[in-house]
Each structure stands twice: as structure tokens, then as C-alpha cells.
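Text of upload-v5.txt, listed as compact mmCIF, C-alpha atoms and all ligand atoms:
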```
# COMPACT_ATOMS: atom_id res chain seq x y z
CA MET W 1 78.74 100.98 45.00
CA GLN W 2 80.50 104.35 44.76
CA ASN W 3 79.70 106.02 48.09
CA PHE W 4 77.82 104.56 51.08
CA THR W 5 75.72 107.28 52.65
CA SER W 6 72.13 105.96 52.55
CA VAL W 7 70.03 102.98 51.50
CA LYS W 8 69.69 104.71 48.13
CA ASP W 9 73.34 103.84 47.41
CA VAL W 10 72.49 100.13 47.66
CA LYS W 11 71.42 98.40 44.44
CA HIS W 12 70.32 95.07 45.92
CA LEU W 13 69.44 95.44 49.59
CA GLN W 14 68.88 91.74 50.32
CA ASN W 15 72.18 90.86 48.63
CA LEU W 16 74.04 93.27 50.90
CA VAL W 17 72.29 91.89 54.01
CA ASN W 18 73.15 88.34 52.87
CA LYS W 19 76.73 89.36 52.20
CA ALA W 20 77.07 90.70 55.76
CA GLN W 21 75.56 87.48 57.13
CA ASN W 22 77.98 85.39 55.09
CA PHE W 23 80.92 87.35 56.49
CA LYS W 24 79.58 86.56 59.96
CA ILE W 25 79.29 82.85 59.26
CA LYS W 26 82.74 82.75 57.71
CA SER W 27 84.30 85.13 60.25
CA MET W 28 86.96 82.62 61.21
CA ILE W 29 88.11 82.21 57.62
CA THR W 30 89.56 85.58 56.68
CA ASN W 31 88.59 86.37 53.16
CA LYS W 32 91.52 88.70 52.56
CA LEU W 33 91.37 90.98 49.57
CA ASP W 34 95.03 91.73 50.30
CA ASN W 35 95.19 94.47 47.73
CA HIS W 36 97.18 97.06 49.66
CA LYS W 37 94.22 99.34 50.12
CA THR W 38 93.93 101.92 52.90
CA LEU W 39 90.77 103.01 54.69
CA GLY W 40 90.87 106.40 56.42
CA LEU W 41 88.40 107.17 59.22
CA LEU W 42 87.77 110.78 60.17
CA PHE W 43 85.84 111.54 63.36
CA PHE W 44 84.35 114.93 64.15
CA ASN W 45 82.41 113.31 67.03
CA PRO W 46 82.89 110.48 69.55
CA SER W 47 82.53 106.83 68.59
CA LEU W 48 82.97 103.40 70.14
CA ARG W 49 81.22 100.82 67.95
CA THR W 50 81.58 102.55 64.60
CA ARG W 51 85.27 103.19 65.07
CA LEU W 52 86.23 99.73 66.29
CA SER W 53 83.86 97.62 64.17
CA THR W 54 84.85 99.46 60.98
CA GLU W 55 88.55 99.07 61.79
CA LYS W 56 88.00 95.40 62.55
CA ALA W 57 86.01 94.92 59.33
CA ALA W 58 88.80 96.49 57.28
CA LYS W 59 91.44 94.32 58.95
CA ASN W 60 89.34 91.20 58.33
CA LEU W 61 89.54 92.13 54.64
CA GLY W 62 93.27 92.82 54.71
CA ILE W 63 92.76 96.57 54.34
CA ASN W 64 95.04 99.01 56.21
CA VAL W 65 93.36 101.55 58.47
CA ILE W 66 94.37 105.06 59.49
CA ILE W 67 92.25 107.07 61.89
CA LEU W 68 92.15 110.80 62.53
CA ASN W 69 90.14 112.50 65.25
CA ALA W 70 89.24 115.74 63.49
CA ASN W 71 90.07 117.73 66.64
CA ASP W 72 93.70 116.56 66.32
CA GLY W 73 93.93 118.03 62.82
CA TRP W 74 93.60 121.66 61.78
CA LYS W 75 90.21 123.25 62.33
CA LEU W 76 88.46 123.05 58.95
CA GLU W 77 86.72 125.77 56.96
CA PHE W 78 83.76 124.51 54.91
CA GLU W 79 82.43 127.70 53.32
CA ASP W 80 83.38 128.37 49.71
CA GLY W 81 85.00 131.75 49.21
CA ALA W 82 85.78 132.20 52.91
CA ILE W 83 88.48 134.69 53.85
CA MET W 84 90.32 132.53 56.32
CA ASN W 85 91.59 135.07 58.84
CA LEU W 86 90.06 133.50 61.96
CA ASP W 87 90.63 130.17 63.76
CA LYS W 88 90.16 127.78 60.82
CA ALA W 89 93.55 126.89 59.35
CA GLU W 90 92.61 124.54 56.51
CA HIS W 91 89.81 124.38 53.94
CA VAL W 92 87.94 121.12 53.36
CA LYS W 93 88.97 121.44 49.67
CA GLU W 94 92.60 120.71 50.55
CA ALA W 95 91.87 118.42 53.50
CA ALA W 96 89.60 116.09 51.48
CA ALA W 97 91.96 116.11 48.52
CA VAL W 98 94.98 115.34 50.70
CA LEU W 99 93.19 112.55 52.60
CA SER W 100 92.32 111.09 49.19
CA GLN W 101 96.07 110.77 48.47
CA TYR W 102 96.54 108.55 51.53
CA CYS W 103 93.28 106.59 51.42
CA ASP W 104 91.34 104.47 48.93
CA ILE W 105 88.13 104.88 50.93
CA LEU W 106 87.33 107.64 53.43
CA GLY W 107 84.84 107.30 56.30
CA VAL W 108 83.45 110.46 57.88
CA ARG W 109 81.48 110.94 61.12
CA SER W 110 79.82 114.29 61.55
CA PHE W 111 76.82 114.97 63.80
CA PRO W 112 74.26 117.72 63.11
CA THR W 113 74.37 121.21 64.60
CA LEU W 114 70.73 120.74 65.76
CA THR W 115 70.42 124.52 65.33
CA ASP W 116 70.70 124.98 61.55
CA LYS W 117 68.03 122.68 60.10
CA ALA W 118 68.66 123.58 56.46
CA LYS W 119 72.40 122.95 56.70
CA ASP W 120 71.93 119.71 58.66
CA TYR W 121 69.34 118.35 56.23
CA ALA W 122 71.59 119.25 53.29
CA ASP W 123 74.11 116.94 55.04
CA PHE W 124 76.56 119.77 54.65
CA VAL W 125 79.80 118.26 56.03
CA LEU W 126 79.38 114.82 54.44
CA ASN W 127 78.54 116.36 51.08
CA LYS W 128 81.58 118.67 51.21
CA PHE W 129 83.74 115.55 51.55
CA ILE W 130 81.88 113.88 48.68
CA GLU W 131 82.46 117.02 46.62
CA TYR W 132 86.18 117.43 47.30
CA ALA W 133 87.46 113.88 47.93
CA THR W 134 88.51 111.81 44.94
CA VAL W 135 87.84 108.47 46.66
CA PRO W 136 84.59 106.79 47.80
CA ILE W 137 83.03 108.18 50.99
CA VAL W 138 81.43 106.02 53.69
CA SER W 139 79.12 107.69 56.21
CA LEU W 140 80.08 106.81 59.78
CA GLU W 141 76.90 108.69 60.88
CA SER W 142 76.18 111.98 59.24
CA ALA W 143 73.87 114.79 60.32
CA ILE W 144 70.82 112.89 59.12
CA ARG W 145 71.65 109.20 58.62
CA HIS W 146 73.57 106.26 60.14
CA PRO W 147 73.54 103.67 57.34
CA LEU W 148 76.14 101.25 58.77
CA GLN W 149 73.98 100.98 61.90
CA SER W 150 70.84 100.41 59.84
CA LEU W 151 72.46 97.66 57.77
CA ALA W 152 73.58 95.88 60.97
CA ASP W 153 70.02 96.32 62.30
CA LEU W 154 68.54 94.64 59.23
CA VAL W 155 70.98 91.73 59.64
CA THR W 156 69.90 91.44 63.29
CA ILE W 157 66.19 91.50 62.39
CA LYS W 158 66.73 88.89 59.69
CA GLU W 159 68.46 86.60 62.18
CA HIS W 160 65.49 86.77 64.58
CA GLN W 161 62.36 87.29 62.47
CA LYS W 162 59.77 84.52 62.64
CA THR W 163 57.56 85.77 59.80
CA ALA W 164 58.26 87.27 56.37
CA LYS W 165 56.81 90.67 57.32
CA PRO W 166 57.40 91.23 61.05
CA LYS W 167 55.84 94.20 62.85
CA VAL W 168 58.70 96.55 63.67
CA VAL W 169 58.07 99.47 66.03
CA LEU W 170 60.45 102.41 66.25
CA THR W 171 59.66 104.17 69.50
CA TRP W 172 60.83 107.53 70.78
CA ALA W 173 62.30 107.26 74.28
CA PRO W 174 63.36 109.88 76.83
CA HIS W 175 66.88 111.33 77.02
CA PRO W 176 68.35 114.24 79.00
CA LYS W 177 70.16 115.62 75.92
CA ALA W 178 68.94 116.73 72.50
CA LEU W 179 70.06 113.97 70.15
CA PRO W 180 70.25 113.74 66.33
CA GLN W 181 67.41 112.27 64.27
CA ALA W 182 70.00 110.32 62.22
CA VAL W 183 69.61 106.82 63.67
CA ALA W 184 65.81 107.03 63.57
CA ASN W 185 65.68 108.51 60.03
CA SER W 186 68.00 105.86 58.75
CA PHE W 187 66.36 102.93 60.54
CA SER W 188 63.02 103.98 59.08
CA GLU W 189 64.41 104.28 55.56
CA TRP W 190 66.06 100.84 55.68
CA VAL W 191 63.15 99.01 57.32
CA LEU W 192 60.77 100.45 54.71
CA ALA W 193 63.17 99.47 51.91
CA ALA W 194 63.18 95.93 53.34
CA GLU W 195 59.36 96.05 53.14
CA TYR W 196 58.71 95.24 56.78
CA ASP W 197 55.62 96.54 58.60
CA LEU W 198 56.88 99.71 60.34
CA THR W 199 55.16 101.78 63.03
CA ILE W 200 56.85 104.89 64.40
CA VAL W 201 55.54 106.14 67.73
CA CYS W 202 56.57 109.41 69.36
CA PRO W 203 55.13 112.29 71.39
CA LYS W 204 53.25 114.90 69.35
CA GLY W 205 55.69 117.32 67.72
CA PHE W 206 58.44 114.68 67.49
CA GLU W 207 57.37 113.22 64.13
CA LEU W 208 60.39 112.67 61.89
CA ASN W 209 60.90 114.31 58.50
CA PRO W 210 58.30 112.54 56.27
CA ALA W 211 60.95 112.13 53.57
CA PHE W 212 62.31 109.27 55.71
CA THR W 213 59.06 107.78 56.98
CA ASP W 214 56.71 107.69 53.99
CA GLY W 215 55.05 104.25 54.13
CA ALA W 216 55.26 103.85 57.93
CA THR W 217 52.31 104.06 60.32
CA ILE W 218 52.82 107.12 62.53
CA SER W 219 51.34 107.09 66.03
CA ASN W 220 51.45 109.11 69.25
CA ASN W 221 50.17 106.26 71.44
CA GLN W 222 52.97 104.01 72.65
CA GLU W 223 50.75 101.36 74.26
CA THR W 224 48.60 100.81 71.15
CA ALA W 225 51.65 100.86 68.90
CA PHE W 226 53.35 98.11 70.94
CA GLU W 227 50.43 95.68 70.48
CA GLY W 228 51.50 92.71 68.35
CA ALA W 229 55.03 94.07 67.79
CA ASP W 230 57.80 91.59 66.94
CA PHE W 231 60.64 94.10 67.34
CA ILE W 232 60.79 97.21 69.53
CA TYR W 233 63.54 99.61 68.45
CA ALA W 234 64.00 102.40 71.00
CA LYS W 235 65.76 105.67 70.29
CA ASN W 236 65.60 109.24 71.44
CA TRP W 237 65.65 112.02 68.91
CA SER W 238 65.15 115.76 69.21
CA SER W 239 62.30 117.43 67.38
CA TRP W 240 62.55 117.88 63.60
CA LYS W 241 59.58 120.27 63.56
CA ASN W 242 60.68 122.50 66.46
CA TYR W 243 64.19 121.86 65.35
CA GLY W 244 66.56 120.51 67.99
CA GLN W 245 64.13 120.90 70.88
CA THR W 246 63.85 118.13 73.42
CA LEU W 247 61.34 117.03 76.03
CA TYR W 248 62.72 116.00 79.40
CA PRO W 249 61.93 114.64 81.93
CA ASN W 250 59.22 112.33 80.62
CA GLU W 251 59.51 108.93 82.34
CA SER W 252 56.17 107.88 80.87
CA TRP W 253 57.91 107.09 77.54
CA MET W 254 60.65 104.85 79.03
CA ILE W 255 60.56 101.26 77.77
CA ASN W 256 59.87 98.86 80.65
CA SER W 257 58.73 95.27 81.16
CA ALA W 258 55.05 96.24 81.44
CA LYS W 259 55.19 97.82 77.97
CA MET W 260 57.13 94.90 76.50
CA ALA W 261 54.35 92.63 77.85
CA LEU W 262 51.94 94.32 75.39
CA THR W 263 53.97 93.02 72.43
CA ASN W 264 54.19 89.69 70.65
CA ASN W 265 57.11 88.73 72.95
CA ALA W 266 59.11 91.28 70.97
CA PHE W 267 62.84 91.55 70.78
CA PHE W 268 64.30 94.79 72.12
CA MET W 269 66.75 96.79 69.98
CA HIS W 270 68.84 99.94 70.50
CA CYS W 271 71.90 101.19 68.62
CA LEU W 272 73.84 102.05 71.83
CA PRO W 273 75.11 103.92 73.73
CA VAL W 274 72.02 103.72 75.92
CA ARG W 275 71.15 105.51 79.16
CA ARG W 276 69.91 102.81 81.51
CA ASN W 277 66.67 103.50 83.39
CA ILE W 278 66.08 106.64 81.32
CA VAL W 279 65.61 105.19 77.81
CA VAL W 280 64.94 101.62 78.93
CA SER W 281 64.71 99.80 82.24
CA ASP W 282 67.42 97.37 83.38
CA SER W 283 64.81 94.60 83.31
CA VAL W 284 64.33 94.96 79.53
CA LEU W 285 67.96 95.62 78.64
CA ASP W 286 69.11 92.62 80.69
CA SER W 287 66.34 90.31 79.45
CA PRO W 288 66.96 87.45 76.99
CA ASN W 289 64.87 89.40 74.43
CA SER W 290 67.45 92.19 74.23
CA LEU W 291 69.45 92.15 70.97
CA VAL W 292 71.63 95.20 71.64
CA ILE W 293 74.93 93.30 71.89
CA GLU W 294 74.15 91.29 68.76
CA GLN W 295 73.37 94.52 66.90
CA ALA W 296 76.81 95.83 67.91
CA ASN W 297 78.41 92.53 66.85
CA ASN W 298 76.74 92.77 63.45
CA ARG W 299 78.30 96.20 62.88
CA THR W 300 81.57 94.48 61.93
CA PHE W 301 79.95 92.30 59.27
CA ALA W 302 77.87 95.18 57.92
CA ALA W 303 81.01 97.28 57.51
CA GLN W 304 82.82 94.33 55.95
CA ALA W 305 80.05 93.89 53.37
CA VAL W 306 80.10 97.61 52.50
CA LEU W 307 83.89 97.90 52.21
CA SER W 308 84.17 94.79 50.08
CA GLU W 309 81.31 95.99 47.85
CA ILE W 310 83.02 99.37 47.31
CA LEU W 311 86.41 97.84 46.55
CA ASN W 312 85.05 95.16 44.23
CA HIS W 313 83.05 97.64 42.22
CA GLN W 314 85.33 100.63 42.11
C1 LIG T 1 74.34 109.48 69.04
C2 LIG T 1 73.00 109.71 68.34
O1 LIG T 1 72.98 109.93 67.10
O2 LIG T 1 71.96 109.68 69.00
C3 LIG T 1 75.05 108.29 68.45
C4 LIG T 1 74.27 107.02 68.33
C5 LIG T 1 74.97 105.94 67.57
N1 LIG T 1 74.11 109.23 70.44
C6 LIG T 1 74.53 110.07 71.39
O3 LIG T 1 75.09 111.11 71.09
C7 LIG T 1 74.29 109.69 72.85
C8 LIG T 1 74.97 110.65 73.77
C9 LIG T 1 74.58 110.53 75.23
O4 LIG T 1 75.02 111.44 75.95
O5 LIG T 1 73.88 109.62 75.67
```

Conversion result in C-alpha cells:
Amino acid sequence: MQNFTSVKDVKHLQNLVNKAQNFKIKSMITNKLDNHKTLGLLFFNPSLRTRLSTEKAAKNLGINVIILNANDGWKLEFEDGAIMNLDKAEHVKEAAAVLSQYCDILGVRSFPTLTDKAKDYADFVLNKFIEYATVPIVSLESAIRHPLQSLADLVTIKEHQKTAKPKVVLTWAPHPKALPQAVANSFSEWVLAAEYDLTIVCPKGFELNPAFTDGATISNNQETAFEGADFIYAKNWSSWKNYGQTLYPNESWMINSAKMALTNNAFFMHCLPVRRNIVVSDSVLDSPNSLVIEQANNRTFAAQAVLSEILNHQ
């Protein structure tokens, strides 16, 4: 694997899921590559799980880690040909090239603008790093995808699925802020690649970009969609069609115990962070069917599988 930015970078999906699971089983035996490699992590936006699980994964593999919050560096210019006479002190051309001198792999987190749809869906910041870095790039959540989260989610589903083709429901949920479509886009792409039965349910006008959902059943009726579900994955996202717009308040879409009762005793999933009693009720989040902490745990092993794959196949 050269870069890790989407499921399309993965040659053998089940092998990667298995690899992550094996790292989990063998987590006490550190399988150190010990090859004096350095992973750099660059954050343009906040992070809790991604930052710590990726650092932990690297350390489990004997890889050094250096982390830079982008706000602590110089403000970056991304436009080619820019005359840099304003507040941006450094061009991504130099920044990415310099970071490539210090790192063997570079992780980048960069959320969307939610105002410039074309730029966001071109994955502008991530692709500038791919263009100008000379080392492999790992997405730590880009404008449109969160592949490390999706890989951990597939590991979590695999650990709990009772049938070969479980019914997985990705449901829109309320949120006071306009959030990226990245987690939802990515989850859809990975679940479809794993050939599970996927239903995506959202209010009208909140349908995701079809490029990510082709093959899923799309619905606007949450109660019908929940019938027979084995996994309920909740997430808010802002509108793709009316780009960046949100819909709040709308308590009727919150996941609660009455809705979970419509399912096939489904497990509840969310990538976190989650707004309690807005996205999902305490009763569901605190129930034994909630997998949210296990999903976060699996982030380490997902990152470990990806880093080891990149280093072994460089
Ligand atoms: C991010 C998102 O893409 O939705 C990261 C998820 C892994 N979530 C948020 O920004 C939540 C922020 C909030 O205020 O609740």
C-alpha cells in the first residue's frame, strides 16, 4: 500500500481486517518492526481517538512518532502561484517536502470547509500533501473520508456479526452543528466493499453523494429502515445537496430505546465524539448493545495494520 486515503487503496480488504484483528489478539506480544522509522502526524483539526490510537499503534510497532498541531506551525498557503504577501508564511510545497525529510510516513487530518463543495470533494488539502510529500500519506480524516475509522468499524462488525451478510443501517441523527459527511461517506464505502447489506436512512435532502453510496438502499423512513437491523450506526452529517446546511432541532431523529426495539436486537455504533441525548439517548449509549468503546479500542489495531502494511510494502 502506498497511501491510505480510502478503501480503494486496499488490495485485499478482508486481509487487512484480519491483520488488524490479529494485532488485537497479539497485543501483549509487541511485534516490533524496530526499523528506526518515524511517523509524523499533522493536525489541522481537533482529535482524541485518532491522535492517541495512531500514536499507540506506531509505538506498538516500534515506530517513532512526532506530532504537529498545524496551528503551532506557520499558516500554510495551498494555492499554486500565490503571491504570499498576506498572513500565510509557508507554502505547502515546502512544508510537505520538509516534513518528508523528518518522517517515513505522514498522517494528515483536515476537515472540509463545508462552504466550498468543489474544493472539499476534490479533497484539496489531503491531495496537496500527496502531491508535494515524498513519503506515503495516511488520512487521519480528510474533507470527505475517515478510512482509519471505517477499518476499525469493519473489525468491530466482524467481531459481533452473527450472519455472513448482516443488515447494517447507517442513520442520520440530529446535531446542533453542521458536521462533515466524511465518516458517513467512508463507512458506506467500506461496508459496501465488505459486501454487507447496507441501508442509509436520512431526512429528505440529506442523501449523501451517490459516488459513496451506490449499492446501498436509501430511505427517508427511520422506523422502517430499522426493522430487522443487526447494526445501527448513527452519525450526523450536513447536507451534501444544499451543501453544508443543517437541520436542527429535530429530536424525532434521535436514536432511543423505542427505535432500537424495532431492530433485530441490533448493536449500536458511533465513531465518537457523541452528543448524549441529542444524537442518541443515554439508555442506548449505556446499554450492553453499545459498541462505541470497542470501536475506539479497535482504532489502535486498525492503525497498526495500516502502518505495518505501508512499511512492509514500501
Ligand atoms: C467530526 C466529524 O467528522 O463529524 C469528527 C468525527 C470523528 N465530529 C465533530 O466535529 C463533532 C464536533 C461536535 O461539536 O460535536

With all atoms listed in the file counted, collect every polymer residue having an atom within 7 Å of ligand LIG 1 (chain T); state the result as a PDB file with C-alpha atoms, in the coordinates of the input.
```
ATOM      1  CA  LYS W 177      70.160 115.620  75.920  1.00  0.00           C
ATOM      2  CA  LEU W 179      70.060 113.970  70.150  1.00  0.00           C
ATOM      3  CA  PRO W 180      70.250 113.740  66.330  1.00  0.00           C
ATOM      4  CA  GLN W 181      67.410 112.270  64.270  1.00  0.00           C
ATOM      5  CA  ALA W 182      70.000 110.320  62.220  1.00  0.00           C
ATOM      6  CA  VAL W 183      69.610 106.820  63.670  1.00  0.00           C
ATOM      7  CA  ASN W 236      65.600 109.240  71.440  1.00  0.00           C
ATOM      8  CA  TRP W 237      65.650 112.020  68.910  1.00  0.00           C
ATOM      9  CA  CYS W 271      71.900 101.190  68.620  1.00  0.00           C
ATOM     10  CA  LEU W 272      73.840 102.050  71.830  1.00  0.00           C
ATOM     11  CA  PRO W 273      75.110 103.920  73.730  1.00  0.00           C
ATOM     12  CA  VAL W 274      72.020 103.720  75.920  1.00  0.00           C
ATOM     13  CA  ARG W 275      71.150 105.510  79.160  1.00  0.00           C
TER      14      ARG W 275
END
```

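Using only C-alpha atoms, the shortest contact distance between W:Ala229 and any of W:Arg145, W:Lys128, W:Lys259, W:Lys88 is found at W:Lys259.
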
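By all atoms listed in the file, and with residues fewer than 3 positions from W:Leu13 along its chain excluded, the set lying at most 8 Å from it is Val7, Val10, Leu16, Val17, Ala193 and Ala194 of chain W.
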
**Message:** If I take atom CA of W:Val284 and atom CA of W:Thr217, how far is one from the other in Å, to one decimal?
**Reply:**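 Interatomic distance, atom CA of W:Val284 to atom CA of W:Thr217: 24.4 Å.
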
**Item:** Point-to-point distance from atom CA of W:Glu131 to atom CA of W:Ile67, Å rounded to tenths
**Value:** 20.7 Å

**Complete:** Among W:Thr115, W:Thr50, W:Ala178, W:Phe231, W:Thr163 is approached most closely, using only C-alpha atoms, by W:Phe231

Return as AutoDock Vina command-line options the box centre and box size in Å, one decimal, for an axis-aligned box around all listed atoms of stretch 126-137 of chain W padded by 5 Å per side.
```
--center_x 83.5 --center_y 112.7 --center_z 49.7 --size_x 20.0 --size_y 21.9 --size_z 19.5
```

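Reported to one decimal place, the separation of atom CA of W:Glu77 from atom CA of W:Glu94 is 10.1 Å.
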
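The nearest approach to W:Leu247 among the residues W:Asn209, W:Thr224, W:Pro176, W:Ala216, with only C-alpha atoms taken into account, belongs to W:Pro176.
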
**Prompt:** Of the residues W:Val135, W:Leu192, W:Ala305, W:Leu114, which is the one nearest to W:Gly215, using all atoms listed in the file?
**Reply:**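 That would be W:Leu192, the residue with the smallest distance to W:Gly215.
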
Please identify every residue of stretch 225-270 of chain W that has at least one atom no farther than 6 Å from an atom of stretch 289-301 of chain W, counting only C-alpha atoms, and for each give the shortest atom pair and the distance in Å to one decimal, arranged by chain then increasing number, as a tab-separated table.
```
residue	atom	partner	partner_atom	distance
W:Phe267	CA	W:Asn289	CA	4.7
W:Phe268	CA	W:Ser290	CA	4.6
W:Met269	CA	W:Val292	CA	5.4
W:His270	CA	W:Val292	CA	5.6
```

Dump of C-alpha atoms for the selected residues, as a short mmCIF file (atom, residue, chain, number, x, y, z; two decimals), in the coordinates of the input:
```
data_model
loop_
_atom_site.label_atom_id
_atom_site.label_comp_id
_atom_site.auth_asym_id
_atom_site.auth_seq_id
_atom_site.Cartn_x
_atom_site.Cartn_y
_atom_site.Cartn_z
CA PHE W 267 62.84 91.55 70.78
CA PHE W 268 64.30 94.79 72.12
CA MET W 269 66.75 96.79 69.98
CA HIS W 270 68.84 99.94 70.50
#
```

**Asked** Which protein, DNA or RNA residues have an atom at most 10 Å from (83.1, 109.4, 66.7), counting only C-alpha atoms? List them as a list in words.
**Response**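 Every residue inside that radius is included here: Leu41, Leu42, Phe43, Phe44, Asn45, Pro46, Ser47, Leu48, Arg49, Thr50, Arg51, Asn69, Ala70, Val108, Arg109, Ser110, Phe111, Leu140 and Glu141 of chain W.
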
**Contact residues around W:Asp230 with all atoms listed in the file at 8 Å, ignoring same-chain residues under 2 positions, as a PyMOL selection string** = chain W and resi 161+166-169+228+232+263-267

**Message:** What's around W:Ala96 at 6 Å? Count all atoms listed in the file, leave out sequence neighbours fewer than 3 positions away in its own chain, and write the answer as an NGL selection string.
**Reply:** :W and (92-93 or 99 or 129 or 132-133)

So that I can look at just that part, could you write stretch 63-94 of chain W with N, CA and C atoms, as a tab-separated table (two decimals), in the first residue's frame?
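Done, and the output landed in decode_17.tsv:
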```
chain	number	residue	atom	x	y	z
W	63	ILE	N	7.77	2.17	16.00
W	63	ILE	CA	7.95	3.33	15.13
W	63	ILE	C	7.94	4.59	15.99
W	64	ASN	N	8.86	5.52	15.75
W	64	ASN	CA	8.86	6.81	16.46
W	64	ASN	C	7.71	7.67	15.95
W	65	VAL	N	7.24	8.56	16.81
W	65	VAL	CA	6.12	9.43	16.41
W	65	VAL	C	6.45	10.88	16.73
W	66	ILE	N	6.21	11.76	15.77
W	66	ILE	CA	6.26	13.20	16.05
W	66	ILE	C	4.94	13.82	15.60
W	67	ILE	N	4.44	14.72	16.43
W	67	ILE	CA	3.10	15.27	16.18
W	67	ILE	C	3.18	16.79	16.09
W	68	LEU	N	2.51	17.35	15.10
W	68	LEU	CA	2.45	18.81	14.97
W	68	LEU	C	0.99	19.24	14.84
W	69	ASN	N	0.55	20.11	15.74
W	69	ASN	CA	-0.75	20.76	15.54
W	69	ASN	C	-0.51	21.87	14.53
W	70	ALA	N	-1.19	21.82	13.42
W	70	ALA	CA	-0.89	22.75	12.31
W	70	ALA	C	-0.93	24.21	12.77
W	71	ASN	N	-1.77	24.51	13.77
W	71	ASN	CA	-1.85	25.90	14.26
W	71	ASN	C	-0.56	26.35	14.95
W	72	ASP	N	0.26	25.39	15.39
W	72	ASP	CA	1.54	25.74	16.02
W	72	ASP	C	2.63	25.99	14.98
W	73	GLY	N	2.37	25.59	13.74
W	73	GLY	CA	3.35	25.84	12.67
W	73	GLY	C	3.00	27.15	11.98
W	74	TRP	N	3.65	27.41	10.86
W	74	TRP	CA	3.31	28.60	10.07
W	74	TRP	C	2.01	28.35	9.35
W	75	LYS	N	1.25	29.40	9.17
W	75	LYS	CA	0.00	29.28	8.41
W	75	LYS	C	0.35	28.95	6.95
W	76	LEU	N	-0.29	27.90	6.41
W	76	LEU	CA	0.13	27.39	5.10
W	76	LEU	C	-0.68	27.98	3.94
W	77	GLU	N	0.02	28.24	2.87
W	77	GLU	CA	-0.60	28.61	1.59
W	77	GLU	C	-0.72	27.34	0.75
W	78	PHE	N	-1.88	27.13	0.13
W	78	PHE	CA	-2.09	25.93	-0.68
W	78	PHE	C	-2.20	26.23	-2.17
W	79	GLU	N	-2.44	27.49	-2.52
W	79	GLU	CA	-2.70	27.82	-3.93
W	79	GLU	C	-1.38	27.93	-4.69
W	80	ASP	N	-1.33	27.25	-5.84
W	80	ASP	CA	-0.15	27.37	-6.71
W	80	ASP	C	-0.09	28.78	-7.28
W	81	GLY	N	1.09	29.32	-7.37
W	81	GLY	CA	1.27	30.64	-7.97
W	81	GLY	C	0.87	31.79	-7.07
W	82	ALA	N	0.55	31.52	-5.81
W	82	ALA	CA	0.11	32.60	-4.91
W	82	ALA	C	1.24	33.60	-4.68
W	83	ILE	N	0.87	34.86	-4.60
W	83	ILE	CA	1.83	35.90	-4.18
W	83	ILE	C	1.62	36.04	-2.68
W	84	MET	N	2.61	35.61	-1.92
W	84	MET	CA	2.37	35.38	-0.50
W	84	MET	C	2.65	36.63	0.35
W	85	ASN	N	1.85	37.66	0.15
W	85	ASN	CA	2.08	38.91	0.88
W	85	ASN	C	1.08	39.13	2.01
W	86	LEU	N	0.32	38.06	2.35
W	86	LEU	CA	-0.67	38.23	3.44
W	86	LEU	C	-0.22	37.44	4.68
W	87	ASP	N	-1.13	36.69	5.30
W	87	ASP	CA	-0.82	36.08	6.59
W	87	ASP	C	-0.17	34.69	6.48
W	88	LYS	N	-0.13	34.12	5.27
W	88	LYS	CA	0.37	32.74	5.14
W	88	LYS	C	1.88	32.77	4.87
W	89	ALA	N	2.64	32.19	5.80
W	89	ALA	CA	4.10	32.35	5.77
W	89	ALA	C	4.80	31.26	4.98
W	90	GLU	N	4.14	30.10	4.80
W	90	GLU	CA	4.83	28.97	4.19
W	90	GLU	C	3.90	28.28	3.20
W	91	HIS	N	4.46	27.84	2.08
W	91	HIS	CA	3.66	27.12	1.08
W	91	HIS	C	3.71	25.63	1.39
W	92	VAL	N	2.59	24.95	1.08
W	92	VAL	CA	2.54	23.50	1.32
W	92	VAL	C	3.65	22.76	0.54
W	93	LYS	N	4.12	23.36	-0.55
W	93	LYS	CA	5.21	22.72	-1.32
W	93	LYS	C	6.43	22.49	-0.45
W	94	GLU	N	6.84	23.54	0.28
W	94	GLU	CA	7.99	23.38	1.18
W	94	GLU	C	7.61	22.57	2.41
```
